[in-house]
Amino acid sequence: MVAGVLRGFNTSLDMLLGAAVVLLPSAWLATSVTSGRSAISPAWLGLARYSLAAAGFAALFALRPDSEPLSVLAGTALALFLPPAVLVWQQRRDNRMRAG
């Protein structure tokens, strides 16, 4: 992580933990919805996802009170916005290669 080199290990760890707090409930939701075994409606699963993320942030700041909130937020934003941005970039690149 570039942040670890530029700002230190704790900043890098805060970003990684911020990403994990939102990615783990999202991964759980994706596996629950696509498994076909879920008896819970997708709306309740979505609510559970946000509740788990909120509990994750609470646990993160309770266990690491010296965490930098801006670093945690940056890691969260990267985890949420980077994968879709990469997919859009790949699709545009593939479309250009097919057309050209």
# chains A, B, ... in the order shown; residues from 1 in each chain; ligands from 1

call {"tool": "residues_around", "arguments": {"residues": "stretch 47-59 of chain A", "least_positions_apart": "3", "cutoff": "10 Å", "atoms": "only C-alpha atoms", "output": "PyMOL selection string"}}
result
chain A and resi 17-18+20-30+42-44+62-65+72

call {"tool": "residues_around", "arguments": {"residues": "A:Pro69", "least_positions_apart": "6", "cutoff": "10 Å", "atoms": "only C-alpha atoms", "output": "PDB file with N, CA and C atoms, in the first residue's frame"}}
result
ATOM      1  N   THR A  11      -1.509   4.143   9.162  1.00  0.00           N
ATOM      2  CA  THR A  11      -2.422   4.664   8.139  1.00  0.00           C
ATOM      3  C   THR A  11      -2.809   3.564   7.167  1.00  0.00           C
ATOM      4  N   ASP A  14      -5.193   1.223   8.920  1.00  0.00           N
ATOM      5  CA  ASP A  14      -6.524   1.825   9.036  1.00  0.00           C
ATOM      6  C   ASP A  14      -7.280   1.741   7.717  1.00  0.00           C
ATOM      7  N   MET A  15      -6.608   1.977   6.609  1.00  0.00           N
ATOM      8  CA  MET A  15      -7.251   1.882   5.302  1.00  0.00           C
ATOM      9  C   MET A  15      -7.672   0.449   5.008  1.00  0.00           C
ATOM     10  N   GLY A  18     -10.676  -0.361   7.185  1.00  0.00           N
ATOM     11  CA  GLY A  18     -11.851   0.329   6.673  1.00  0.00           C
ATOM     12  C   GLY A  18     -12.429  -0.383   5.461  1.00  0.00           C
ATOM     13  N   PHE A  61     -13.449   1.082  15.844  1.00  0.00           N
ATOM     14  CA  PHE A  61     -13.057   2.247  16.639  1.00  0.00           C
ATOM     15  C   PHE A  61     -13.032   1.947  18.136  1.00  0.00           C
ATOM     16  N   GLY A  75     -10.059   4.153   2.997  1.00  0.00           N
ATOM     17  CA  GLY A  75     -10.046   2.728   2.687  1.00  0.00           C
ATOM     18  C   GLY A  75     -11.431   2.221   2.311  1.00  0.00           C
TER      19      GLY A  75
END

call {"tool": "select_by_dssp", "arguments": {"residues": "stretch 10-76 of chain A", "states": "alpha helix (DSSP H)", "output": "count of residues only"}}
result
56
